Amino acid sequence: MVIDEKLLTNAVDLALSQGATYAEARFQEDLIDSLVMRNGRVLSLSTSVVRGVGIRVLVGGALGFAATDRLGRESIEATVLEAISRARAIAPLMKKPIEFDESRVGRASYEAVPKESFEALGLESRVELGREVYKSVSDTLKKTRLSVLTFGFTTSSQRKLVVNSDGAYVRSSVPRISVWVNFVEHSPEKGTIQRFLDFGAAGGAEWLREWRVVDEVSQEASNLERVLVEGVEPPKVDVDVVVGSEIVGLVVHESAGHPMEADRILGREAAQAGESYVKSDMVGRFEVGGKYATVVEDPTIPGSYGFYLYDDEGIPARARYLYREGILFEPLHNRHTARVFGTLSNGAARAMNYASEPIIRMSNTYLKPGDMSFEELLEDVELGVYIKSYMEWNIDDIRWNQRYVGLESYLIVNGEISKPVRNPVLEVTTRGFYSRISGASKYLKFYPGTCGKGEPSQGVPVWFGGPDVKLAKIRLGVAV
Amino acid sequence: MSAVDLAGRVLYELRDRFDNVAVRVVSRDSVMLKIWNSQPGVLQMWKDIVTHLLLGKRRRVAVLEFRVSSPEEVVSAVKKIEDYVARVEESELYADLPEVKKPAPLQGGYDRRVVEYFSDPRPLAEVVVNSALSAGAERVAGTIELEEVEVALATSRGFSESYRKTEVMAYLRSFRGDLSGHWAWGSTAIDLKSLESVGSKSAEILSYAKTKSEFAPGRYDVILSPLVVGNLMNYVASMASGMAILIGMSFLAKKSIGDSIASESFTLVDAPRDALLPGSTPFDDEGVETYDKPIIDRGRLASVLHNTATGKVFKSSSTGNAGWVNPRPWNLIVKPGDSSLEGMISEVRRGYLITNNWYTRLQNYVEGQFSTVARDVVLEVRDGSIEGYVDRVRIADKFEALLKSARAMSRELYDIAWWEVRIPTRAPYILVESVNLTKPVV
């Protein structure tokens, strides 16, 4: 750690001596190396080093946050004093003072250890992977032309030390690796089709073997060629829809994870990322779906992109049920929202970097798998559509009305996958989705994402996932 | 150490080790007050210095960012990248940094009063919040941000310049029951009247929403508020970047300069020289003097935005929009028309006024196929007057079709900056014909 921990404990002591009722000092360092290639050739290399200390204080019921990248004692103390004085200035406006819950905080040190270090993964092998992906996709396409393929490879290392006035002392180190590919295929008669796909996890170079990036991307490119050249419109009647795990993962992130963030429920994000259809008195009572609607949020999954064992308020992480068999079960809390709800924090406070205040975030969110094989999901479908992947999606700011536009999609006829379908639109409400799940496969697959929230906007790595699911009788649209 | 000194010091250490070096140092002092449920949620403050480096050697390019304060640490961290640069292949996009003339300074863009409010932004918050509450809001949420920035650029071509500017951003969402309205404003100078109208306009919208109407998906004439125009033009202008076109992230990839891509009454300008808009800058990241230019001029594609390298690929030249690697727009202005909001409403037989949107996503960038969700009240217009409201409908269309269907622009323009409009945009209301609107039925 490149900071003397005494600087942090002194900062906390100083804040308390100046009248803070709570103080927190967090050192955070993010080292990121990226490579971007276009059509198998290097566009640019980039490196970033983001390192500093974030101070958060409660003074007279008002919350102040200040950050500095200058790690000397004087500048950290000056940052503490500024946080205190400015929080004090707004304290008279607080009608409901902010208070934290009585959660037990942790004293621990942990790290995610890569099986193969980034050092073993030289620049040449990263570039070689980008070249191979481009060559393989180019060679795969027979009826379309590859207009462009962009490839990105990023490794990062995040180290934190969180100290607060309630006794937390949490030191952590998490490396992450990610690969993304964006490509456009062109057919003179049929136009274009575009795909963005990514891979991401906590750990090291060992993930590349698991991901089989070249094979996966080439297979997708080949499948999408069929969609572009042979794709038909989706049926214009109500049909059963089998939704692939990639979309299921996104759906649970957007329509179970976000609406169950307690800060949204209380209105803290109202002007930015929005509020929630969930009101605090609906928790434990409101029925959003049926028996398949069980959504879990778990930061502790080893190797996951959203991995952590203690949150940035020093609270031990644990798995949480957001929806349980169709009922709103447990919102994601930090210490402030837990106090308002009369409960204890379940460890959901995360900060993107040292200059970001910790706010309630997801980590790894998934729909609980069922017990069917993929073939069993299809077998009693006379006419339906299987939507495997997507490009366009969005959801309203209370997390109720959402849209996913299928990319790789197929008709299902008499229980068998048939012709490809182009641009089917699943536009559905949250209850519309969870109440229509009539079957789920037994396979759980995760996908990486960078979730945005807060002001200034903070992007944090997450996984989302689930099984393939079947939705009973729904009308699909088609993108214009 | 000042931003200028730091840039010069880092350049001095690196200039002999690379063929091209640019050092861009951004020193930032800012305060942000977040409001929710009509009271402060958190007051955040930052003092930081971000050092950006562009390093080129034997046609290889590396871009680095450091949020550390010592020049020694920056220089020593370059060692690793120097080794990488020596081993990697030539970049497809490489150009030597340009020889440039001294850029004309921008007049304005710095308001001392912004800094004076740092220690206590309460009076500004009270102006915004109280004007909303007195215009009928039951509760409000929003943000006020004040920022002082110094930008210094030193390059191995002998360029060394800096400028200072201030920024103010304010946006507020007003609630009445389940309904909400929103307004936003961004500037380089404090203007209490504009701050007051952020609050009042966000609440006044709600007074038009009297009865809830049924909604059926279909094509409608739609009036887009300046907030919606700002959000969508952020996407259009970003897709005018030469890099976006090269990597298949733009519907302009299939277009040439002079092609018709919008209605003849539509002009979109990149305006780095408008010192009142917060994205203003006298020079770009390569030291090239900036200038205002139309991206779309009376319906035709007029400019692709370039740095020196993308300019070379397109057999053109820098447009003063570097962005190392990725050129970018600075501020946007949509030219006004001769209409008014009232005039537009009176023209609509069956349509909607969409007051705000978010979550714009694309199915296919090359085709410009997108959708975006209305997030505050949507007013229904029938036979020339507002008859009711609906909520959270979705525009699902193509950018080119939308731009070509723009029929009228308001005379009055509004300076918009907020969470969903990151490139400051001076925008009118726009009436667009036959826009595809959707909403789930289950």
# chains A, B, ... in the order shown; residues from 1 in each chain; ligands from 1
>>> select_by_dssp(residues="range 179-417 of chain B", states="alpha helix (DSSP H)", output="PyMOL selection string")
chain B and resi 192-204+226-238+242-246+308-313+341-347+399-404
>>> closest_atom_pairs(of="chain B", to="chain A", cutoff="7 Å", atoms="only C-alpha atoms", output="CSV")
residue,atom,partner,partner_atom,distance
B:Trp36,CA,A:Arg268,CA,5.3
B:Asn37,CA,A:Gly267,CA,6.7
B:Gln39,CA,A:Met94,CA,6.0
B:Pro40,CA,A:Met94,CA,6.7
B:Gly41,CA,A:Leu63,CA,6.8
B:Val42,CA,A:Leu63,CA,4.9
B:Leu43,CA,A:Gly64,CA,4.9
B:Gln44,CA,A:Phe65,CA,4.6
B:Met45,CA,A:Ala66,CA,4.5
B:Trp46,CA,A:Ala67,CA,5.1
B:Lys47,CA,A:Thr68,CA,5.6
B:Asp48,CA,A:Asp69,CA,5.7
B:Val61,CA,A:Ser44,CA,5.5
B:Ala62,CA,A:Leu45,CA,4.6
B:Val63,CA,A:Ser46,CA,4.5
B:Leu64,CA,A:Thr47,CA,4.7
B:Glu65,CA,A:Ser48,CA,4.4
B:Phe66,CA,A:Val49,CA,4.7
B:Arg67,CA,A:Val50,CA,4.7
B:Val68,CA,A:Asp69,CA,5.7
B:Ser69,CA,A:Arg70,CA,6.0
B:Tyr84,CA,A:Leu123,CA,6.9
B:Glu89,CA,A:Val42,CA,6.8
B:Ser91,CA,A:Leu43,CA,5.2
B:Glu92,CA,A:Leu43,CA,5.9
B:Leu93,CA,A:Leu43,CA,6.1
B:Ser119,CA,A:Arg86,CA,6.4
B:Asp120,CA,A:Ala89,CA,6.3
B:Arg122,CA,A:Ile90,CA,6.7
B:Ala141,CA,A:Ala271,CA,5.3
B:Gly142,CA,A:Ala271,CA,5.1
B:Leu172,CA,A:Ala271,CA,6.6
B:Arg173,CA,A:Ala271,CA,5.5
B:Ile247,CA,A:Val148,CA,6.3
B:Gly248,CA,A:Val148,CA,6.2
B:Tyr359,CA,A:Asn394,CA,5.7
B:Arg361,CA,A:Glu392,CA,5.4
B:Leu362,CA,A:Glu392,CA,5.0
B:Gln363,CA,A:Glu392,CA,4.3
B:Asn364,CA,A:Gln194,CA,5.6
B:Val373,CA,A:Asp396,CA,6.0
B:Arg375,CA,A:Asp397,CA,6.1
B:Arg392,CA,A:Asp396,CA,6.5
B:Asp397,CA,A:Val480,CA,6.1
B:Trp419,CA,A:Gln272,CA,6.3
B:Pro440,CA,A:Val428,CA,4.9
B:Val441,CA,A:Val428,CA,6.9
B:Val442,CA,A:Gly432,CA,5.3
>>> closest_residue(among="A:Tyr169, A:Asp139, A:Arg209, A:Tyr434", to="Leu8 in chain A", atoms="only C-alpha atoms")
A:Tyr169
>>> select_by_dssp(residues="range 21-254 of chain B", states="strand (DSSP E or B)", output="VMD selection string")
chain B and resid 21 to 36 39 to 57 60 to 67 139 to 155 160 to 176 179 to 187 212 218 to 224 241
>>> closest_residue(among="B:Ser207, B:Arg298, B:Leu353, B:Pro121", to="Ala262 in chain B", atoms="only C-alpha atoms")
B:Arg298
>>> closest_residue(among="A:Lys236, A:Asp281, A:Leu322, A:Arg145", to="Glu189 in chain A", atoms="only C-alpha atoms")
A:Arg145
>>> residues_around(residues="Ala125 in chain B", least_positions_apart="4", cutoff="10 Å", atoms="only C-alpha atoms", output="VMD selection string")
chain B and resid 33 to 35 38 to 40 120 to 121 129 to 131 142 to 144 170 195 to 196 199
>>> residues_around(residues="Val137 in chain A", least_positions_apart="6", cutoff="8 Å", atoms="only C-alpha atoms", output="JSON, numbers by chain")
{"A": [146, 217, 218, 221, 222]}
>>> residues_around(residues="range 309-315 of chain A", least_positions_apart="6", cutoff="8 Å", atoms="only C-alpha atoms", output="ChimeraX atom specification")
/A:24,26,103-107,110,162-164,168-170,299-300,334-335,345-351,358
>>> residues_around(residues="Ser117 in chain A", least_positions_apart="6", cutoff="9 Å", atoms="only C-alpha atoms", output="PyMOL selection string")
chain A and resi 203-206
>>> residues_around(residues="Gly415 in chain A", least_positions_apart="4", cutoff="6 Å", atoms="only C-alpha atoms", output="mmCIF file with N, CA and C atoms, in the first residue's frame")
data_model
loop_
_atom_site.group_PDB
_atom_site.id
_atom_site.type_symbol
_atom_site.label_atom_id
_atom_site.label_comp_id
_atom_site.auth_asym_id
_atom_site.auth_seq_id
_atom_site.Cartn_x
_atom_site.Cartn_y
_atom_site.Cartn_z
ATOM 1 N N LEU A 378 -38.082 -25.758 -24.715
ATOM 2 C CA LEU A 378 -38.649 -25.596 -26.055
ATOM 3 C C LEU A 378 -39.777 -26.584 -26.346
ATOM 4 N N GLU A 379 -39.765 -27.742 -25.693
ATOM 5 C CA GLU A 379 -40.474 -28.895 -26.250
ATOM 6 C C GLU A 379 -41.980 -28.727 -26.435
ATOM 7 N N ASP A 380 -42.647 -27.955 -25.587
ATOM 8 C CA ASP A 380 -44.095 -27.828 -25.815
ATOM 9 C C ASP A 380 -44.471 -26.506 -26.493
ATOM 10 N N VAL A 381 -43.485 -25.850 -27.089
ATOM 11 C CA VAL A 381 -43.776 -24.589 -27.791
ATOM 12 C C VAL A 381 -44.148 -24.912 -29.247
#
>>> atom_distance(atom1="CA of Ser76 in chain B", atom2="CA of Arg17 in chain B")
12.5 Å
>>> atom_distance(atom1="CA of Leu54 in chain B", atom2="CA of Pro461 in chain A")
26.9 Å
>>> atom_distance(atom1="CA of Thr144 in chain A", atom2="CA of Glu220 in chain A")
13.4 Å
